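Dumped coords.txt below, it's compact mmCIF, C-alpha atoms:
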```
# COMPACT_ATOMS: atom_id res chain seq x y z
CA MET B 6 134.14 68.76 96.40
CA LYS B 7 134.42 72.24 94.82
CA MET B 8 131.84 71.30 92.19
CA LYS B 9 129.45 70.09 94.88
CA ILE B 10 129.85 73.34 96.80
CA ALA B 11 129.27 75.39 93.65
CA ALA B 12 126.18 73.37 92.78
CA PHE B 13 124.86 73.82 96.32
CA LEU B 14 125.41 77.59 96.16
CA VAL B 15 123.57 77.80 92.83
CA LEU B 16 120.64 75.80 94.21
CA LEU B 17 120.61 77.97 97.32
CA LEU B 18 120.55 81.12 95.21
CA VAL B 19 117.68 79.75 93.11
CA ALA B 20 115.74 78.84 96.26
CA ILE B 21 116.24 82.32 97.69
CA VAL B 22 115.10 83.97 94.46
CA ILE B 23 112.00 81.77 94.27
CA PHE B 24 111.18 82.53 97.92
CA LEU B 25 111.63 86.27 97.47
CA GLY B 26 109.64 86.28 94.26
CA SER B 27 106.71 84.58 95.99
CA ARG B 28 106.20 87.31 98.59
CA THR B 29 105.10 90.90 98.08
CA PRO B 30 107.15 93.49 99.96
CA SER B 31 105.30 95.76 102.36
CA LEU B 32 104.84 99.37 101.33
CA SER B 33 107.39 101.71 102.85
CA ASP B 34 106.47 103.71 105.95
CA ASN B 35 107.43 106.70 103.78
CA HIS B 36 105.08 105.73 100.96
CA GLY B 37 103.79 108.90 99.30
CA LYS B 38 106.54 111.05 100.80
CA MET B 39 109.45 112.73 99.04
CA ASP B 40 112.13 115.38 99.44
CA THR B 41 111.90 118.61 97.45
CA HIS B 42 114.09 121.63 96.87
CA LEU B 43 112.73 124.66 95.03
CA TYR B 44 115.10 127.04 93.23
CA LEU B 45 113.71 130.36 92.01
CA SER B 46 115.05 132.84 89.49
CA ASP B 47 114.61 136.59 89.82
CA SER B 48 111.83 136.95 87.27
CA VAL B 49 108.07 136.97 87.77
CA ASP B 50 105.67 134.39 86.34
CA GLN B 51 108.44 131.82 86.14
CA PRO B 52 107.72 128.61 84.22
CA LEU B 53 108.54 125.64 86.44
CA ILE B 54 110.85 122.76 85.56
CA VAL B 55 110.22 119.75 87.81
CA ALA B 56 113.37 117.61 87.68
CA PHE B 57 113.77 113.94 88.63
CA GLY B 58 116.81 111.69 88.78
CA GLY B 59 117.02 108.01 87.90
CA GLY B 60 117.45 104.61 89.45
CA SER B 61 120.33 105.51 91.76
CA GLY B 62 117.94 107.40 94.03
CA GLY B 63 118.45 110.55 96.05
CA ASN B 64 117.67 114.05 94.86
CA ASP B 65 119.95 114.36 91.83
CA TRP B 66 118.98 117.90 90.87
CA GLU B 67 120.10 119.42 94.16
CA ARG B 68 123.53 117.78 93.89
CA ASN B 69 126.65 119.71 92.91
CA TYR B 70 127.30 117.79 89.71
CA LEU B 71 124.11 119.23 88.21
CA LYS B 72 124.54 122.72 89.67
CA ASP B 73 125.73 124.27 86.40
CA LYS B 74 122.69 122.97 84.52
CA ARG B 75 120.37 124.01 87.33
CA ASP B 76 121.87 127.51 87.40
CA SER B 77 121.60 127.73 83.63
CA LEU B 78 117.89 126.90 83.80
CA LEU B 79 117.45 129.63 86.40
CA ALA B 80 119.35 132.06 84.14
CA HIS B 81 116.87 131.21 81.38
CA GLY B 82 114.07 132.40 83.69
CA PHE B 83 112.81 129.01 84.82
CA ALA B 84 112.22 127.94 88.40
CA VAL B 85 113.51 124.44 89.20
CA LEU B 86 111.85 122.00 91.58
CA ALA B 87 114.20 119.11 92.39
CA ILE B 88 112.38 116.03 93.68
CA GLY B 89 113.92 113.02 95.40
CA TYR B 90 111.26 110.33 95.24
CA PHE B 91 113.20 107.45 96.79
CA LYS B 92 116.35 106.79 98.78
CA THR B 93 116.29 110.15 100.57
CA ASP B 94 115.71 110.96 104.24
CA ASN B 95 111.96 111.37 103.84
CA SER B 96 111.07 109.02 100.99
CA PRO B 97 110.87 105.25 100.45
CA SER B 98 114.19 103.42 100.58
CA SER B 99 113.43 101.58 97.31
CA LEU B 100 111.92 102.52 93.97
CA ASP B 101 108.80 100.49 94.67
CA ARG B 102 105.20 101.50 93.90
CA ILE B 103 106.03 105.20 94.02
CA SER B 104 102.79 107.19 94.26
CA LEU B 105 102.15 109.26 91.14
CA ASN B 106 99.24 110.94 92.92
CA ALA B 107 101.48 112.08 95.78
CA ILE B 108 104.10 113.47 93.40
CA ALA B 109 101.52 115.39 91.36
CA ASP B 110 99.86 116.75 94.51
CA THR B 111 103.23 117.86 95.89
CA ILE B 112 104.20 119.65 92.67
CA LEU B 113 100.90 121.49 92.43
CA SER B 114 100.87 122.41 96.11
CA ILE B 115 104.35 123.95 95.90
CA ALA B 116 103.56 125.75 92.63
CA ARG B 117 100.27 127.21 93.88
CA ARG B 118 101.71 128.57 97.10
CA THR B 119 104.68 130.21 95.35
CA PRO B 120 103.58 133.55 93.81
CA GLN B 121 106.56 133.75 91.43
CA ILE B 122 105.59 130.54 89.62
CA ASP B 123 103.37 130.44 86.54
CA THR B 124 101.16 127.45 87.38
CA THR B 125 99.98 127.22 83.76
CA SER B 126 103.51 126.37 82.60
CA ILE B 127 104.84 123.33 84.46
CA ILE B 128 107.29 121.11 82.53
CA LEU B 129 108.50 117.71 83.72
CA MET B 130 112.06 116.52 83.15
CA GLY B 131 113.51 113.14 84.07
CA ALA B 132 116.38 110.85 83.15
CA SER B 133 116.41 107.05 82.99
CA LYS B 134 113.81 105.77 85.50
CA GLY B 135 113.01 109.45 86.00
CA GLY B 136 112.14 109.58 82.30
CA GLU B 137 109.80 106.64 82.77
CA LEU B 138 108.33 108.52 85.73
CA VAL B 139 107.67 111.83 83.94
CA LEU B 140 106.01 110.11 80.99
CA ASN B 141 103.74 108.23 83.39
CA LEU B 142 102.93 111.42 85.29
CA ALA B 143 102.27 113.65 82.30
CA SER B 144 100.10 111.03 80.61
CA ARG B 145 97.77 111.12 83.65
CA TYR B 146 97.79 114.82 84.59
CA SER B 147 96.88 117.40 81.96
CA CYS B 148 98.19 120.24 84.17
CA PHE B 149 101.72 119.41 83.02
CA LYS B 150 102.43 121.22 79.75
CA GLY B 151 105.57 119.56 78.43
CA VAL B 152 107.97 116.66 78.97
CA ILE B 153 111.71 116.20 78.61
CA ALA B 154 112.68 112.51 78.88
CA LEU B 155 116.34 111.53 78.75
CA SER B 156 117.46 107.90 78.27
CA THR B 157 113.90 106.82 78.92
CA SER B 158 111.71 103.76 78.40
CA HIS B 159 108.38 103.39 76.63
CA VAL B 160 106.94 100.99 79.18
CA SER B 161 106.77 100.73 82.94
CA PHE B 162 109.19 98.24 84.49
CA PRO B 163 109.22 96.43 87.84
CA ALA B 164 110.22 97.98 91.12
CA LEU B 165 113.94 98.11 91.85
CA THR B 166 113.73 95.54 94.63
CA VAL B 167 115.26 92.09 95.13
CA SER B 168 111.97 90.38 94.33
CA ALA B 169 111.09 92.71 91.41
CA ASN B 170 107.49 91.49 91.62
CA THR B 171 105.73 94.82 92.08
CA SER B 172 105.42 97.89 89.88
CA SER B 173 107.70 100.89 90.03
CA TRP B 174 104.62 103.12 90.16
CA MET B 175 101.21 103.35 91.78
CA TYR B 176 98.25 105.45 90.62
CA ASN B 177 94.90 105.81 92.41
CA ASP B 178 95.99 103.10 94.85
CA LYS B 179 96.59 100.58 92.08
CA GLU B 180 99.88 99.37 90.66
CA VAL B 181 100.70 100.67 87.20
CA LYS B 182 100.94 97.73 84.79
CA TYR B 183 104.55 96.73 84.16
CA VAL B 184 106.67 94.33 82.13
CA PRO B 185 107.68 91.53 84.52
CA ALA B 186 111.22 90.25 84.93
CA PRO B 187 111.36 86.55 83.92
CA PHE B 188 113.59 84.15 85.80
CA LYS B 189 116.22 84.18 83.05
CA THR B 190 117.01 87.86 83.74
CA ILE B 191 118.62 86.91 87.06
CA TRP B 192 121.89 85.80 85.52
CA PRO B 193 122.69 88.88 83.41
CA ALA B 194 121.51 91.09 86.30
CA LEU B 195 123.89 89.34 88.70
CA LYS B 196 126.73 89.91 86.21
CA GLY B 197 125.84 93.59 85.97
CA ASP B 198 124.59 93.27 82.39
CA LEU B 199 121.42 95.30 82.88
CA HIS B 200 121.01 96.00 79.17
CA SER B 201 120.55 92.28 78.44
CA ALA B 202 118.18 91.87 81.37
CA PHE B 203 115.91 94.67 80.13
CA ALA B 204 116.12 93.37 76.55
CA MET B 205 114.90 89.99 77.80
CA MET B 206 111.93 91.60 79.54
CA LEU B 207 110.96 93.33 76.31
CA GLU B 208 110.66 89.95 74.56
CA ASP B 209 107.28 89.50 76.26
CA ARG B 210 105.21 91.29 73.62
CA GLU B 211 101.89 90.82 75.39
CA ALA B 212 103.23 92.33 78.62
CA VAL B 213 104.90 95.16 76.70
CA ALA B 214 101.62 96.03 74.98
CA GLU B 215 99.83 96.23 78.34
CA ALA B 216 102.61 98.21 80.03
CA GLU B 217 103.14 100.83 77.31
CA ILE B 218 102.89 104.36 78.62
CA GLU B 219 99.97 106.22 77.02
CA VAL B 220 102.09 109.15 75.90
CA GLU B 221 99.45 110.33 73.45
CA LYS B 222 97.54 111.66 76.50
CA ILE B 223 100.30 114.14 77.37
CA ASN B 224 99.04 117.72 77.19
CA GLY B 225 102.04 119.38 75.58
CA PRO B 226 105.23 118.97 73.50
CA ILE B 227 107.65 116.14 74.16
CA LEU B 228 111.46 116.04 73.81
CA ILE B 229 113.23 112.69 74.01
CA LEU B 230 117.00 112.19 74.00
CA SER B 231 118.69 108.80 73.88
CA ALA B 232 122.25 107.55 73.46
CA ASP B 233 123.14 104.98 70.81
CA GLN B 234 125.46 102.98 73.11
CA ASP B 235 123.33 102.98 76.25
CA GLU B 236 124.70 100.22 78.49
CA GLN B 237 121.86 100.31 81.04
CA TRP B 238 118.89 99.52 78.83
CA PRO B 239 117.90 99.82 75.12
CA ALA B 240 116.90 103.48 75.40
CA THR B 241 117.11 104.31 71.68
CA LYS B 242 114.98 101.32 70.71
CA MET B 243 112.43 102.17 73.40
CA SER B 244 112.40 105.83 72.39
CA HIS B 245 111.66 104.78 68.81
CA GLN B 246 108.63 102.93 70.16
CA LEU B 247 107.47 106.12 71.89
CA ILE B 248 107.66 108.00 68.60
CA LYS B 249 105.81 105.21 66.76
CA ARG B 250 103.02 105.37 69.30
CA LEU B 251 102.75 109.16 69.02
CA GLU B 252 102.60 108.87 65.23
CA ARG B 253 100.03 106.09 65.36
CA GLU B 254 97.83 108.02 67.77
CA ARG B 255 98.22 111.25 65.73
CA PHE B 256 99.61 113.23 68.64
CA THR B 257 98.80 116.89 68.02
CA PHE B 258 101.66 118.57 69.92
CA PRO B 259 105.23 118.82 68.62
CA TYR B 260 107.54 115.93 69.55
CA LYS B 261 111.11 114.99 68.76
CA HIS B 262 113.56 112.16 69.41
CA ILE B 263 117.23 113.07 69.25
CA ILE B 264 119.87 110.30 69.24
CA VAL B 265 123.36 111.18 70.47
CA GLU B 266 126.57 109.19 70.46
CA GLY B 267 127.53 107.76 73.82
CA THR B 268 126.38 105.84 76.86
CA HIS B 269 123.48 106.11 79.30
CA ILE B 270 124.31 109.52 80.78
CA GLU B 271 125.38 111.17 77.51
CA PRO B 272 122.07 113.02 76.92
CA LEU B 273 122.89 115.18 79.95
CA ASN B 274 125.77 116.57 77.90
CA HIS B 275 123.40 117.85 75.20
CA PHE B 276 121.44 120.47 77.09
CA ASP B 277 121.61 122.79 74.11
CA GLU B 278 118.71 120.73 72.74
CA VAL B 279 116.86 121.13 76.03
CA TYR B 280 117.23 124.92 75.89
CA ILE B 281 115.94 125.03 72.31
CA PHE B 282 112.91 123.03 73.43
CA LEU B 283 112.31 125.23 76.47
CA ASP B 284 112.64 128.44 74.45
CA TYR B 285 109.91 127.08 72.17
CA LEU B 286 107.65 126.53 75.19
CA LYS B 287 108.11 130.01 76.67
```
Here is the file; what I need is its structure written in the form of structure tokens.
Amino acid sequence: MKMKIAAFLVLLLVAIVIFLGSRTPSLSDNHGKMDTHLYLSDSVDQPLIVAFGGGSGGNDWERNYLKDKRDSLLAHGFAVLAIGYFKTDNSPSSLDRISLNAIADTILSIARRTPQIDTTSIILMGASKGGELVLNLASRYSCFKGVIALSTSHVSFPALTVSANTSSWMYNDKEVKYVPAPFKTIWPALKGDLHSAFAMMLEDREAVAEAEIEVEKINGPILILSADQDEQWPATKMSHQLIKRLERERFTFPYKHIIVEGTHIEPLNHFDEVYIFLDYLK
């Protein structure tokens, strides 16, 4: 009897997954909206750091656990714009087809109406899915003059939804090409083994080639940090692919990939490298 019940539950789960995967979720009522918080230093002509969190959502860079780093950036003379692009009061509830156009327009609007900000020096910084986001943004908008990507990917991945059958990002009203999640990724994902799930997605070489972020189009230096024991996804391997692409395309700006010991969030503990990079940009 127990085996029959277990088999039924497995079949039910498979049926639900197939059903969900066959339908496209509606765009959020808050599509194109986000929450922002601008922090200014006391200096004039402040370079602007635009900071994004990862796949947990919310506005990470206005939270207390990042206050010390935020204050340190301000002490270095940078303004900080914290952006919550999903799972905040005024943004989509899921990381699903987030509008790159809306984010870029919001950044530029805030920068241009704030006299203290040097609009010619806007640097994007993101961690995890936020790293994927800033690479996608900077590769499409030449107004951004540098990128800091922590624990990032080299491709765009699916939306963080149950069906996972749409892109994380949208540009010019079209979904950004992404590496799809095959059926076999369900089992490791259900067990919480996200690293294996993402590794399985990356086995699709044709999809990976189409979903690679065109980082050679970024109009400024790039700093990448990854951790060698990342449990969320193969960040170091993916960061190596970013460097290979930059080398292949003969990227003319400085770029660097630093590998640290630790897990997914470890690069946040190596902000000394971030400050060296930012001092170079000033």
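Computed from the coordinates, the CA of Ser46 (chain B) to CA of Val85 (chain B) distance equals 8.5 Å.
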For region 245-257 of chain B, work out the shell of residues within 8 Å, counting all atoms listed in the file and skipping chain neighbours fewer than 5 positions away, then give it as a PDB file with C-alpha atoms, in the coordinates of the input.
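Final file, out_26.pdb:
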```
ATOM      1  CA  HIS B 159     108.380 103.390  76.630  1.00  0.00           C
ATOM      2  CA  VAL B 220     102.090 109.150  75.900  1.00  0.00           C
ATOM      3  CA  GLU B 221      99.450 110.330  73.450  1.00  0.00           C
ATOM      4  CA  HIS B 262     113.560 112.160  69.410  1.00  0.00           C
TER       5      HIS B 262
END
```
Requested in this report: Determine, counting only C-alpha atoms, which protein, DNA and RNA residues have an atom within 9 Å of an atom of region 121-124 of chain B; residues of the same chain fewer than 3 positions away are not included. Present the result as a PyMOL selection string.
Outcome: chain B and resi 45-53+83-84+113+116-118+127+148
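For the set B:Gly37, B:Pro272, B:Pro120, B:Gly82, the residue with the smallest atom-to-atom gap to Asp101 (chain B) is B:Gly37, counting only C-alpha atoms.
Residues in contact with Val160 (chain B) at up to 10 Å, not including ones fewer than 3 positions away on its chain and judged by all atoms listed in the file, are Glu137, Leu140, Asn141, Thr157, Lys182, Tyr183, Val184, Leu207, Ala212, Val213, Ala214, Glu215, Ala216, Glu217, Ile218, Glu219, Met243, Ser244, Gln246 and Leu247 of chain B.
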Requested in this report: Can you pull out every residue within 12 Å of Ala143 (chain B), counting only C-alpha atoms, but drop anything in the same chain fewer than 4 positions away, and send it as a PyMOL selection string?
Outcome: chain B and resi 55+105-106+108-109+127-131+136-139+147-154+218-227
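The spacing separating CA of Asn35 (chain B) from CA of Phe203 (chain B) amounts to 27.9 Å.
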**Report entry** Distance criterion (only C-alpha atoms): nearest to Ser156 (chain B) out of B:Tyr280, B:Tyr176, B:Tyr90, B:Trp238
**Finding:** B:Trp238
Report task. Might you pull out every residue within 8 Å of Ile263 (chain B), with all atoms listed in the file counted and same-chain residues fewer than 3 positions away left off, and present them as a PyMOL selection string? Result -> chain B and resi 228-231
Once you have the residues from the selection above, write them out as a CSV table (one decimal), keeping the file's coordinate frame, restricted to C-alpha atoms.
```csv
chain,number,residue,atom,x,y,z
B,228,LEU,CA,111.5,116.0,73.8
B,229,ILE,CA,113.2,112.7,74.0
B,230,LEU,CA,117.0,112.2,74.0
B,231,SER,CA,118.7,108.8,73.9
```
**Report entry** Atomic distance CA of Thr119 (chain B) - CA of Leu43 (chain B), expressed in Å with one decimal
**Finding:** 9.8 Å
Box along x, y and z, 8 Å on every side, all listed atoms of region 240-253 of chain B inside: centre and edge lengths in Å to one decimal, as JSON.
```
{"center_x": 108.6, "center_y": 105.2, "center_z": 70.3, "size_x": 33.1, "size_y": 23.8, "size_z": 26.2}
```
